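First comes the structure, then the notes that go with it.
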Amino acid sequence: MEDTVSHSSVDSALDEFVLVNAEPRLHIAGNGGFGELEQKLSELLSDDFNNPNSVLSGPPVRMSILSTGTEKSVATCLENGTKTEDVVIADSDAKKDLEKETPVVETKNSFNNMNVDAKISDEAKAQNLILPDGMTSSQIDLGCDCTIFTGVTYLGSAAVNAPRSEAEINRNMAVFNDQSKMAIPVVLSVPNHSEGIVYLIDPNTDMEISRYPILRILFCARGPADTSEHRCFAFTSSHGESAESAIFQCHLFRCDGQEVNVAKILFSFAAAFQHVPKSPSVASESSVIGDHSFNFSVALEFKEVDAKGNFVACPKDKNVFKLRCNVEKKICIVVTQSNQSRELKIERCFGLLISPGRNVKDSDMHLIDMVSMGVGSDQRSYVISANWDPTDPSTKILNTETPKDTRVFLTVAVDLVVEGIQEPVRFLVETRAKIFPTSERFWYFTTRPHIEQFILKLKEVSCEDINLSASKNQMPQYEVVSIESRTELERKKNFSLSFPTMASSTPSDRGSPTEGEAEESDGDEPLQSGSGVVSKDVMDENLLDSWRDVMGRWHQNLKQRPKQVQSLARKGIPEALRGEVWQLLAGCTDDADMLDAYRILIAKDSPAEPVIMRDINRIFPANDYFRESGGLGQDALFKISKAYSVYDEEINYCQGVSFLAASLLLHMPEEQAFCVLVKIMFEYGLRDLFKQNFEGLHLKFYQLERLMQEHLPDLFDHFMDLGLEAHMYASQWFLTLFTAKFPLFMVFHILDLFLSDGIDTIFIIALALLKTSRKDLLALDFEGVLKYFRVQLPKKYRAEDASKELLQLAISLKVSSKRLKKFEKDYVALKEAQLQQEDPVDRLQRENKRLLEANMRLEQENDDLAHELVTSKITLRRDLDESEDRCDVLNKELLQTKAQLLDTEDEMKRLELESQQLKEVCRRELDRAEAESVRNQAITLDYKQICSQLSERLEKQQVAHKEELVRMKSLLENCDSCSKLVAPDGRLKTIGVEHLTSNIDPNLLEKESVIRELELELAQTKLALVEAECKNQDLVHQLNSAIVELQTSKSTWFQKTLTSIKEATAKSKDNNKEGREKDNNKEGREMSRKDSFN
C-alpha cells in the first residue's frame, strides 16, 4: 500500500525545487555541447541498461528539457510505476534540438559484476559500495541510495536574501571562483530520493564536512557557459524552523576533474527530487486500496446590476473585490478539472452558500437561490450562477460600507454531486472584499475572477463496501479523503518552514551527526528582524529642552541645520521626535512634487510585484505592524517598494531597500517615508552600492578590510587565514544599514547617525561590532565565524545598554575621509592590475557578458520606450484629432465673430452718427427751450404785472364804491322821499327800484356798461393771446418730431430716448398750458365776480 503521508511530506519541496542551466550550452569549448552531453548520458545509461545485473534496469526514465521561457521538466517514473513527477529546469537551449534528441533509458535495481579502479572505488568496496559497469571512478552509486562525485571543489558559502535569484547566485559564483583563497576539495554525495541528505566528505579522511537535507534545498544553478564559471554550480538551502527565522545560504562548487560534468551532478539532484521512496507495506497486496488525487480550478466572480439593468462584473484590486451597498448581485462559479487521465463528471450542483468571514462553520453558511447550472461551452467546465440579495440580514456585514483601509472576508461554498462519489463535494473559496457606497464609481480596475486551486484526494472503495450490486458498466466508487486548496497549503508553508528529519542510508563507517550536534546546528535560531521594544520615555529633561530649542530654530530656517544637531543625534533622537527629525535631516519637509509623484507611482504596474509580494512576509516579522499578512503595515510597505521600483528603473527592487522602508514606516506616513527613502538612496549615495553589478559594494568591502587591517590587524589576519572575506558577513550591513538583523532600538540609533553623518557611518559601526566581538571571533573557525555573525552577534545587543555602549564606541572611532579616498584609489589600481594580468580570453568573456547584460537591459529599455512611444503616438494622434476638431469649431466661431464684429462696427458708426444728430437736436432743443423759457418768463412777468394792476384797480374801485355807497345811503336817509328806500338795517329796499333807476341819468349808465364790456373784452383778448402762443409751441414741437421721425427710419435706443425726451417736454408744456389756462380761468372768474358786483 502506497503511503500517502510520504507523498505529502515532500509536496512543498517538489513545488519549490528549481534547476537553472541544467545542461551546458551548445559548442562550449572544454565543456561540450548538448549533443555531447546526450551522448555521454546515453552511453552511460545504455551500458547499465545492457548489463542485466546493473542497478540501472527497471522502469524507464524519461528526460525532457525545453527551451527558456517554457516549462522544463525531468519526469521520472517511480519504482512503483504509478506516478510521474515533474522537476522544473531552467536553460536556454533550443526547444527543437532538445525534443529531437531526448534520451530514453531504463534502469534496474541490482548490482553485479562491478569494477573498481581508484582509491574511492577501494573505499567503496570496503563500505559495501559497488561500481556499475561503464561508470567512471568519479561516480559511485551507494546501494541505490546515493551517488558519489569526486573531483569537486567546495568554494564556500554566502548568505543570500533572494534564494531563488539566479543573478545573485551568479554574482556569488563569480566572486568565489575568482577570489576564494580557501577552496576545499570534497567528495559530493547526492541521494537518489527526496528524503535523503547531501553530504560533503573529506576525500583524504572520509570524514563528513557538512550535510544538507534535500528537502531544505530550494534552488540549483550552474555557471553560464560563456564565462569562467561554466564548470561551477551552486545550490541554496534554508536554515531555521519557521518562515520568520529562516536564513538562506548559497553553497558554491567547482568541478575540477576532467571526467566530472556539471550537468550530471544537476541531473542527480533532479532525480533525487523526483524519486519518492515507498513506505513499507503492512497489509497484504489484496487489501491495498488506491488513493487518487484530482486537481480542480474554481473561478469565483461577482456581478452587480448596472443602470441599464444588466449584470456586469465587479472590479477587483489586489485580490479584493469592490462591491456596492444595496445593489442586487449575482455569483458566478466555474469549476474546471485539470488535465488528467481520469476525469470526474459533475452531475449537478447541490447548493451554493455564502457567509461573511473565513474559517466559518457549516452552520454559519447561508443558502442562496441558484439561477442556472450546467456544462460550459468548452465541455470541460461546469458553470453555476445564483442571485444574491445583499439586503438579507444574514449577510448584513457584506452590505455595510467598510471604513477606510479595511477589508472584510467572505466565504463562498459550492456543493457538487460528482459521479462515483457518494456524498457531495464542497469547495470553499475564501476571498476579501471592500464595500463602497451605492453611488461609488470605479475608474481603474480589473475584472478578472478570483481563481482557487483545489486538490481532491479520493480513495477507491469496492462495491461490497458500499452495498452496491455489480453491473456491466460499473463506475469506480470513491470516498473523499481530503480537499485542500493551494492557498491553504501556501499559508502553511509560509508560516512554517520546519521539515521532518529524514534518515538517510549512508555508509556505516562514515557516521552521522549525533542528536546533540543536530540540536547545536539548528537549535540556535537567529534573531528575527524587527524585534525589540523601543521606549518613548526620555529620562533626561535637559535633552528634551535642547531638542525643543533646536527644533524651534530649525523650523525658522529649514535650509540651515543647527550646529547642535550632530551632537544631539549622536546621543540618540527621542523616539517621539524621530519621524520629524529624520525628515529635516534628509531635507524633505515640504517636497510637494515628490508627494505628487508617489501618488502617481503607486497606480502604475511594476514587473517586480511578484518578488515584492514574496519578500513582504520576511520584512520585520517580529514587529506587530508588519506581522499580519495583508495588514496595514504590509500594504504600505508593498506600495513603497513598488513605487520605488518604478521610480528607480536602474536599481528596480532589492530586498535591502524594503528593510529600510519598513524602519521609516514605523515613524511617518508612507508618503513621507517614500520621500526620505528616495533622499537616502540618491543624496546619501546608498543606491551606488546596487549599481554596476554591485561594484560600489565591493569597493566598500575593500575599504572595510583595509580599515580592519589598520585597527584590528590580528582579526584581519585570522580572517585571511580562514579565507573569510568581507562580503561573506558584511553584505547586509551595507545593503540594509544594519536594519535586517539587529534590534529596533539599535537600528533606529544607527539611522540617527547615518542621516546626521552620512554613509561613512557604516564603517565605524562595522569596526565597533568587530572590535567588541574580537575575542570571540579569534577563537572560531570558518563555519563558526559565519554562524556567529548570523546568530550570536545580533543577540549580543538585545539589551539596550549594550547597544548604547557599542554606539558610543563607534562614535569614538575615527575614520578619515582622506583615508577612504586613498583606499578607493588603491582599489581602482588593484582592479586595473588584475585586469592586466587576467587572461585576455576571460577578460573578453566577462566584458562580453557585461555587454550582453547591458545589451539586454538596453533592449528591454528600448522595448519599454518603443511601447511608450507607440502609446504616446496613439495618444498624440488622438489629441491631435481632437485639437483639429476643436480648431475647426474655433475657426467657425472666429468667422462668426468677425462677421458679428463688422456688424457691430457698422452699428457703432451708425450709432455714433445718431449720437451726433441727437446731440445736435438736443442742443437746438435746449436753445429753443431756453429761449422759450425766457419768453415765458417775460410773459409771466407781464401777466403778473397785469394781475397786480388789476388787483390794485379792483381794490381802489371797491373802496370808491364803498365810499360812494355810504354817501348814497346818507343822501337817501337825508332825503324824505328816498328815506323810504332804506331799511332800518341799512339795506336798500327793492320796492320802487325801477322808480329810482328811472331817475338816474341814462348816459351814465350806458357809459358804465361800455366800460365793463371793454374790460371784459380786454381780459378775453389777453387769454386768447396766451392760448394762441401755447398752440404755436405745440405746433412747433409736432413739426420737430415729424422731422426727426422722417430722418430716422429705424427704431434705436437713441430714438426711444429722443422720443421719451420729447414726450416729457410736451407733457411739461401741457402741464404749463393747463396751469396757465387755470390761472386765466381764475382771473376771468374774478373779473366776472367783480363786474357782477359792480
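Ordering of the C-alpha cells sets the chain letters (A, B, ...); residue numbers start at 1 within each chain; ligands are numbered from 1 in the order shown.
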Closest atom pairs, residues of region 644-690 of chain A within 10 Å of region 628-634 of chain A, only C-alpha atoms, as CSV:
residue,atom,partner,partner_atom,distance
A:Ala662,CA,A:Gly633,CA,8.3
A:Leu665,CA,A:Gly633,CA,7.9
A:Leu666,CA,A:Gly633,CA,8.8
A:Glu670,CA,A:Gly633,CA,9.7
Dump C-alpha atoms for the selected residues as a PDB file, in the first residue's frame?
ATOM      1  CA  ALA A 662       9.955  49.423   6.968  1.00  0.00           C
ATOM      2  CA  LEU A 665       7.228  53.493   8.093  1.00  0.00           C
ATOM      3  CA  LEU A 666       7.363  52.973  11.845  1.00  0.00           C
ATOM      4  CA  GLU A 670       4.031  56.220   3.700  1.00  0.00           C
TER       5      GLU A 670
END
Helix (DSSP H, G or I) positions in region 213-401 of chain A, given as a list in words: Ile214, Leu215, Arg216, Val262, Ala263, Lys264, Ile265, Leu266, Phe267, Ser268, Phe269, Ala270, Ala271, Ala272, Phe273, Gln274, Glu285, Ser286, Ser287, Asp362, Ser363, Asp364, Pro393, Ser394, Thr395, Lys396, Ile397, Leu398 and Asn399 of chain A
Once you have the residues from the selection above, write them out as a compact mmCIF listing (two decimals), in the first residue's frame, restricted to C-alpha atoms.
# COMPACT_ATOMS: atom_id res chain seq x y z
CA ILE A 214 17.31 17.55 0.11
CA LEU A 215 14.06 18.98 1.45
CA ARG A 216 15.91 22.13 2.54
CA VAL A 262 28.19 19.68 -14.03
CA ALA A 263 25.13 18.52 -15.94
CA LYS A 264 25.44 15.02 -14.46
CA ILE A 265 25.50 16.43 -10.95
CA LEU A 266 22.43 18.57 -11.55
CA PHE A 267 20.75 15.61 -13.19
CA SER A 268 21.37 13.65 -9.99
CA PHE A 269 19.79 16.46 -7.96
CA ALA A 270 16.76 16.37 -10.27
CA ALA A 271 16.45 12.61 -9.92
CA ALA A 272 16.67 12.94 -6.14
CA PHE A 273 13.72 15.28 -6.11
CA GLN A 274 11.80 13.06 -8.48
CA GLU A 285 -1.44 -6.98 -1.66
CA SER A 286 -5.08 -7.98 -1.92
CA SER A 287 -6.14 -5.40 0.64
CA ASP A 362 -21.07 24.91 8.15
CA SER A 363 -23.92 26.18 10.30
CA ASP A 364 -22.91 29.79 9.54
CA PRO A 393 -29.90 40.25 7.38
CA SER A 394 -27.66 37.18 7.42
CA THR A 395 -25.14 38.99 5.20
CA LYS A 396 -25.53 42.45 6.71
CA ILE A 397 -21.76 42.79 7.15
CA LEU A 398 -21.30 42.37 3.40
CA ASN A 399 -23.82 45.16 2.77
Mind dumping a table of every region 338-419 of chain A residue within 12 Å of region 444-459 of chain A, with the nearest atom pair and its distance in Å to one decimal, using only C-alpha atoms, sorted by chain and rising number, as JSON lines?
{"residue": "A:Ser338", "atom": "CA", "partner": "A:Gln453", "partner_atom": "CA", "distance": 9.6}
{"residue": "A:Leu344", "atom": "CA", "partner": "A:Leu456", "partner_atom": "CA", "distance": 10.8}
{"residue": "A:Val412", "atom": "CA", "partner": "A:His450", "partner_atom": "CA", "distance": 11.4}
{"residue": "A:Val418", "atom": "CA", "partner": "A:Leu456", "partner_atom": "CA", "distance": 11.7}
Pairwise distance for CA of Ala829 (chain A) and CA of Phe690 (chain A), rounded to one decimal in Å: 21.5 Å
Counting only C-alpha atoms, which residues of region 642-680 of chain A sit at most 10 Å from some atom of region 615-625 of chain A, and what is each one's closest atom pair with its distance in Å to one decimal, listed by chain and rising residue number, as a tab-separated table?
residue	atom	partner	partner_atom	distance
A:Cys654	CA	A:Asp615	CA	9.8
A:Gln655	CA	A:Asp615	CA	7.1
A:Gly656	CA	A:Ile619	CA	9.5
A:Ser658	CA	A:Ile619	CA	7.1
A:Phe659	CA	A:Ile619	CA	6.1
A:Leu660	CA	A:Ile619	CA	9.7
A:Ala661	CA	A:Ile619	CA	9.8
A:Ala662	CA	A:Ile619	CA	7.4
A:Ser663	CA	A:Phe620	CA	8.9
A:Leu665	CA	A:Tyr625	CA	9.5
A:Leu666	CA	A:Tyr625	CA	8.1
8 Å contact set for Phe763 (chain A), only C-alpha atoms, chain neighbours under 4 positions out, as a list in words: Leu704, Leu767 and Val815 of chain A
Using N, CA and C atoms, can you export the residues from the last selection as a PDB file, in the first residue's frame?
ATOM      1  N   LEU A 704      36.596  48.372   4.013  1.00  0.00           N
ATOM      2  CA  LEU A 704      36.407  47.803   5.353  1.00  0.00           C
ATOM      3  C   LEU A 704      37.565  46.880   5.716  1.00  0.00           C
ATOM      4  N   LEU A 767      33.282  48.532  12.354  1.00  0.00           N
ATOM      5  CA  LEU A 767      34.500  48.379  13.154  1.00  0.00           C
ATOM      6  C   LEU A 767      34.177  48.173  14.627  1.00  0.00           C
ATOM      7  N   VAL A 815      37.297  57.586  11.420  1.00  0.00           N
ATOM      8  CA  VAL A 815      37.568  57.093  10.066  1.00  0.00           C
ATOM      9  C   VAL A 815      37.684  58.311   9.167  1.00  0.00           C
TER      10      VAL A 815
END
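For the set A:Val298, A:Ala159, A:Leu1016, A:Leu820, the residue with the smallest atom-to-atom gap to Ser238 (chain A) is A:Ala159, counting only C-alpha atoms.
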Given only C-alpha atoms, how would the per-residue table for region 622-729 of chain A near region 606-610 of chain A read, listing every residue at most 10 Å away with its closest atom pair and distance in Å to one decimal, sorted by chain and number, as JSON lines?
{"residue": "A:Phe638", "atom": "CA", "partner": "A:Glu609", "partner_atom": "CA", "distance": 8.3}
{"residue": "A:Lys639", "atom": "CA", "partner": "A:Glu609", "partner_atom": "CA", "distance": 9.6}
{"residue": "A:Ser641", "atom": "CA", "partner": "A:Glu609", "partner_atom": "CA", "distance": 8.7}
{"residue": "A:Lys642", "atom": "CA", "partner": "A:Ser606", "partner_atom": "CA", "distance": 6.2}
{"residue": "A:Ala643", "atom": "CA", "partner": "A:Ser606", "partner_atom": "CA", "distance": 8.0}
{"residue": "A:Tyr644", "atom": "CA", "partner": "A:Ser606", "partner_atom": "CA", "distance": 9.5}
{"residue": "A:Ser645", "atom": "CA", "partner": "A:Ser606", "partner_atom": "CA", "distance": 6.8}
{"residue": "A:Val646", "atom": "CA", "partner": "A:Ser606", "partner_atom": "CA", "distance": 6.0}
{"residue": "A:Tyr647", "atom": "CA", "partner": "A:Ser606", "partner_atom": "CA", "distance": 9.8}
{"residue": "A:Glu649", "atom": "CA", "partner": "A:Ser606", "partner_atom": "CA", "distance": 9.7}
{"residue": "A:Asn652", "atom": "CA", "partner": "A:Ala608", "partner_atom": "CA", "distance": 7.5}
{"residue": "A:Tyr653", "atom": "CA", "partner": "A:Ala608", "partner_atom": "CA", "distance": 6.5}
{"residue": "A:Cys654", "atom": "CA", "partner": "A:Ala608", "partner_atom": "CA", "distance": 9.4}
Could you write out that same residue set with all heavy atoms as a CSV table (one decimal), in the first residue's frame?
chain,number,residue,atom,x,y,z
A,638,PHE,N,4.4,47.4,0.8
A,638,PHE,CA,4.3,46.9,-0.6
A,638,PHE,C,4.2,48.1,-1.6
A,638,PHE,O,4.9,48.2,-2.6
A,638,PHE,CB,3.0,46.0,-0.8
A,638,PHE,CG,2.7,45.7,-2.2
A,638,PHE,CD1,3.4,44.7,-2.9
A,638,PHE,CD2,1.8,46.4,-2.9
A,638,PHE,CE1,3.1,44.3,-4.2
A,638,PHE,CE2,1.5,46.1,-4.2
A,638,PHE,CZ,2.2,45.1,-4.9
A,639,LYS,N,3.4,49.1,-1.2
A,639,LYS,CA,3.2,50.3,-2.1
A,639,LYS,C,4.5,51.1,-2.2
A,639,LYS,O,4.9,51.5,-3.3
A,639,LYS,CB,2.1,51.1,-1.5
A,639,LYS,CG,0.7,50.5,-1.7
A,639,LYS,CD,-0.4,51.5,-1.5
A,639,LYS,CE,-0.6,51.8,0.0
A,639,LYS,NZ,-1.8,52.7,0.2
A,641,SER,N,7.7,49.9,-1.8
A,641,SER,CA,8.6,49.1,-2.5
A,641,SER,C,8.3,49.1,-4.0
A,641,SER,O,9.2,49.3,-4.9
A,641,SER,CB,8.7,47.7,-2.0
A,641,SER,OG,9.0,47.6,-0.6
A,642,LYS,N,7.0,49.0,-4.3
A,642,LYS,CA,6.6,49.0,-5.8
A,642,LYS,C,6.8,50.4,-6.4
A,642,LYS,O,7.3,50.5,-7.5
A,642,LYS,CB,5.1,48.6,-5.9
A,642,LYS,CG,4.6,48.5,-7.3
A,642,LYS,CD,3.2,48.3,-7.4
A,642,LYS,CE,2.3,49.5,-7.2
A,642,LYS,NZ,0.9,49.3,-7.6
A,643,ALA,N,6.5,51.5,-5.6
A,643,ALA,CA,6.7,52.8,-6.1
A,643,ALA,C,8.2,53.1,-6.4
A,643,ALA,O,8.5,53.7,-7.4
A,643,ALA,CB,6.1,53.8,-5.1
A,644,TYR,N,9.0,52.6,-5.5
A,644,TYR,CA,10.5,52.9,-5.7
A,644,TYR,C,11.0,52.1,-6.9
A,644,TYR,O,11.9,52.5,-7.7
A,644,TYR,CB,11.3,52.6,-4.5
A,644,TYR,CG,12.8,53.0,-4.6
A,644,TYR,CD1,13.1,54.3,-4.4
A,644,TYR,CD2,13.7,52.0,-5.0
A,644,TYR,CE1,14.4,54.7,-4.6
A,644,TYR,CE2,15.0,52.4,-5.2
A,644,TYR,CZ,15.4,53.7,-5.0
A,644,TYR,OH,16.7,54.1,-5.2
A,645,SER,N,10.5,50.8,-7.1
A,645,SER,CA,10.9,50.0,-8.2
A,645,SER,C,10.6,50.7,-9.6
A,645,SER,O,11.3,50.6,-10.6
A,645,SER,CB,10.4,48.6,-8.1
A,645,SER,OG,9.0,48.7,-8.3
A,646,VAL,N,9.4,51.4,-9.6
A,646,VAL,CA,9.0,52.1,-10.8
A,646,VAL,C,9.8,53.4,-10.9
A,646,VAL,O,10.2,53.8,-12.0
A,646,VAL,CB,7.5,52.4,-10.7
A,646,VAL,CG1,7.1,53.2,-12.0
A,646,VAL,CG2,6.7,51.1,-10.7
A,647,TYR,N,10.1,54.1,-9.8
A,647,TYR,CA,10.8,55.4,-9.8
A,647,TYR,C,12.2,55.2,-10.2
A,647,TYR,O,12.7,56.0,-11.0
A,647,TYR,CB,10.7,56.0,-8.4
A,647,TYR,CG,11.4,57.3,-8.2
A,647,TYR,CD1,10.7,58.5,-8.7
A,647,TYR,CD2,12.6,57.4,-7.7
A,647,TYR,CE1,11.3,59.7,-8.5
A,647,TYR,CE2,13.3,58.7,-7.6
A,647,TYR,CZ,12.6,59.8,-8.0
A,647,TYR,OH,13.2,61.0,-7.9
A,649,GLU,N,14.3,52.8,-12.1
A,649,GLU,CA,14.3,51.7,-13.0
A,649,GLU,C,15.6,51.0,-13.1
A,649,GLU,O,15.7,49.8,-13.3
A,649,GLU,CB,13.8,52.1,-14.4
A,649,GLU,CG,12.4,52.6,-14.5
A,649,GLU,CD,12.0,53.0,-15.9
A,649,GLU,OE1,12.9,52.9,-16.8
A,649,GLU,OE2,10.8,53.3,-16.1
A,652,ASN,N,15.7,49.2,-9.7
A,652,ASN,CA,14.4,48.4,-9.6
A,652,ASN,C,14.1,48.0,-8.2
A,652,ASN,O,13.9,48.9,-7.3
A,652,ASN,CB,14.5,47.2,-10.5
A,652,ASN,CG,13.1,46.6,-10.8
A,652,ASN,OD1,12.4,46.1,-10.0
A,652,ASN,ND2,12.7,46.8,-12.1
A,653,TYR,N,14.1,46.8,-7.8
A,653,TYR,CA,13.7,46.4,-6.4
A,653,TYR,C,14.9,45.5,-5.8
A,653,TYR,O,15.4,44.6,-6.5
A,653,TYR,CB,12.5,45.6,-6.4
A,653,TYR,CG,12.2,44.9,-5.1
A,653,TYR,CD1,11.8,45.6,-4.0
A,653,TYR,CD2,12.4,43.5,-5.0
A,653,TYR,CE1,11.6,44.9,-2.8
A,653,TYR,CE2,12.2,42.8,-3.8
A,653,TYR,CZ,11.8,43.5,-2.7
A,653,TYR,OH,11.6,42.9,-1.5
A,654,CYS,N,15.2,45.8,-4.6
A,654,CYS,CA,16.1,45.0,-3.8
A,654,CYS,C,15.5,44.9,-2.4
A,654,CYS,O,14.9,45.8,-1.9
A,654,CYS,CB,17.5,45.6,-3.7
A,654,CYS,SG,18.4,45.6,-5.3
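Considering the residues A:Ile435, A:Val480, A:Val160, A:Ile765 and counting only C-alpha atoms, Tyr729 (chain A) has its shortest atom-to-atom contact with A:Val160.
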Shell around region 577-579 of chain A at 9 Å using only C-alpha atoms, local window under 4 positions removed, as a PyMOL selection string: chain A and resi 547+573+583-584+664+666-668+673+748+752
Long-range neighbours of region 928-936 of chain A as a PyMOL selection string, 12 Å cut-off, only C-alpha atoms, 4 positions minimum in chain: chain A and resi 921-924+940-944+1026+1029-1030+1032-1034+1036-1037+1040+1062+1065-1066+1068-1069+1072-1073+1076
Please produce a file of the residues just selected, as a compact mmCIF listing (two decimals), in the first residue's frame, where the atoms kept are N, CA, C and O atoms.
# COMPACT_ATOMS: atom_id res chain seq x y z
N VAL A 921 -29.70 117.82 -32.05
CA VAL A 921 -31.12 118.06 -31.77
C VAL A 921 -31.29 118.52 -30.34
O VAL A 921 -32.06 119.47 -30.05
N CYS A 922 -30.60 117.83 -29.43
CA CYS A 922 -30.72 118.23 -28.02
C CYS A 922 -30.22 119.65 -27.81
O CYS A 922 -30.79 120.41 -27.02
N ARG A 923 -29.13 120.00 -28.54
CA ARG A 923 -28.61 121.36 -28.38
C ARG A 923 -29.62 122.39 -28.90
O ARG A 923 -29.88 123.41 -28.25
N ARG A 924 -30.19 122.09 -30.10
CA ARG A 924 -31.18 123.03 -30.63
C ARG A 924 -32.40 123.11 -29.72
O ARG A 924 -32.92 124.19 -29.44
N THR A 940 -44.88 135.71 -18.19
CA THR A 940 -45.33 135.52 -16.81
C THR A 940 -45.19 136.81 -16.02
O THR A 940 -46.08 137.16 -15.22
N LEU A 941 -44.08 137.51 -16.24
CA LEU A 941 -43.90 138.77 -15.52
C LEU A 941 -44.97 139.80 -15.93
O LEU A 941 -45.55 140.51 -15.09
N ASP A 942 -45.19 139.85 -17.29
CA ASP A 942 -46.25 140.76 -17.75
C ASP A 942 -47.60 140.37 -17.17
O ASP A 942 -48.38 141.22 -16.73
N TYR A 943 -47.87 139.09 -17.18
CA TYR A 943 -49.15 138.61 -16.64
C TYR A 943 -49.28 138.96 -15.17
O TYR A 943 -50.32 139.41 -14.70
N LYS A 944 -48.17 138.74 -14.45
CA LYS A 944 -48.22 139.07 -13.02
C LYS A 944 -48.41 140.58 -12.82
O LYS A 944 -49.13 141.00 -11.92
N VAL A 1026 -52.64 134.21 -24.93
CA VAL A 1026 -51.88 133.13 -24.23
C VAL A 1026 -52.18 131.79 -24.85
O VAL A 1026 -51.29 130.95 -25.08
N GLU A 1029 -50.34 131.42 -28.18
CA GLU A 1029 -48.92 131.12 -28.00
C GLU A 1029 -48.68 129.65 -27.63
O GLU A 1029 -47.75 129.00 -28.11
N CYS A 1030 -49.51 129.15 -26.75
CA CYS A 1030 -49.36 127.72 -26.36
C CYS A 1030 -49.58 126.83 -27.56
O CYS A 1030 -48.85 125.84 -27.78
N ASN A 1032 -49.12 127.58 -30.64
CA ASN A 1032 -47.98 127.77 -31.52
C ASN A 1032 -46.80 126.89 -31.08
O ASN A 1032 -46.15 126.25 -31.90
N GLN A 1033 -46.54 126.85 -29.80
CA GLN A 1033 -45.47 125.98 -29.28
C GLN A 1033 -45.75 124.52 -29.55
O GLN A 1033 -44.86 123.74 -29.93
N ASP A 1034 -46.99 124.12 -29.36
CA ASP A 1034 -47.34 122.70 -29.64
C ASP A 1034 -47.10 122.38 -31.10
O ASP A 1034 -46.56 121.30 -31.44
N VAL A 1036 -44.97 123.80 -33.11
CA VAL A 1036 -43.52 123.72 -33.33
C VAL A 1036 -42.96 122.38 -32.88
O VAL A 1036 -42.15 121.74 -33.56
N HIS A 1037 -43.38 121.91 -31.72
CA HIS A 1037 -42.92 120.58 -31.22
C HIS A 1037 -43.34 119.48 -32.15
O HIS A 1037 -42.57 118.56 -32.44
N ASN A 1040 -41.10 119.51 -35.21
CA ASN A 1040 -39.77 118.93 -34.93
C ASN A 1040 -39.83 117.42 -34.83
O ASN A 1040 -38.96 116.69 -35.31
N LYS A 1062 -38.86 114.07 -25.84
CA LYS A 1062 -39.89 114.89 -26.45
C LYS A 1062 -41.22 114.75 -25.72
O LYS A 1062 -41.91 115.73 -25.46
N THR A 1065 -41.07 116.58 -22.58
CA THR A 1065 -41.14 118.03 -22.80
C THR A 1065 -42.57 118.46 -23.12
O THR A 1065 -43.09 119.47 -22.59
N ALA A 1066 -43.21 117.68 -24.02
CA ALA A 1066 -44.59 118.01 -24.38
C ALA A 1066 -45.50 117.93 -23.17
O ALA A 1066 -46.39 118.78 -22.97
N SER A 1068 -44.64 118.36 -20.15
CA SER A 1068 -44.35 119.50 -19.28
C SER A 1068 -45.04 120.76 -19.79
O SER A 1068 -45.61 121.54 -19.03
N LYS A 1069 -44.99 120.91 -21.15
CA LYS A 1069 -45.65 122.08 -21.72
C LYS A 1069 -47.16 122.01 -21.53
O LYS A 1069 -47.82 123.02 -21.27
N ASN A 1072 -47.83 123.09 -18.19
CA ASN A 1072 -47.74 124.56 -18.07
C ASN A 1072 -48.95 125.26 -18.70
O ASN A 1072 -49.49 126.24 -18.17
N LYS A 1073 -49.36 124.68 -19.85
CA LYS A 1073 -50.52 125.26 -20.53
C LYS A 1073 -51.77 125.15 -19.67
O LYS A 1073 -52.54 126.09 -19.52
N ARG A 1076 -51.59 127.64 -16.98
CA ARG A 1076 -51.92 128.99 -17.41
C ARG A 1076 -53.41 129.12 -17.68
O ARG A 1076 -54.04 130.15 -17.37
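Closest to Met720 (chain A) among A:Phe782, A:Arg342, A:Ala799, A:Val1010 is A:Phe782, based on only C-alpha atoms.
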Who sits within 12 Å of Ala307 (chain A), only C-alpha atoms, same chain under 4 positions skipped, as a PyMOL selection string: chain A and resi 311-312+327-328+438-439+441
Spatial neighbours of Phe248 (chain A), 10 Å, only C-alpha atoms, chain gap at least 3 places, as a count of residues only: 17
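One finds CA of Asn693 (chain A) at 11.2 Å from CA of Glu650 (chain A).
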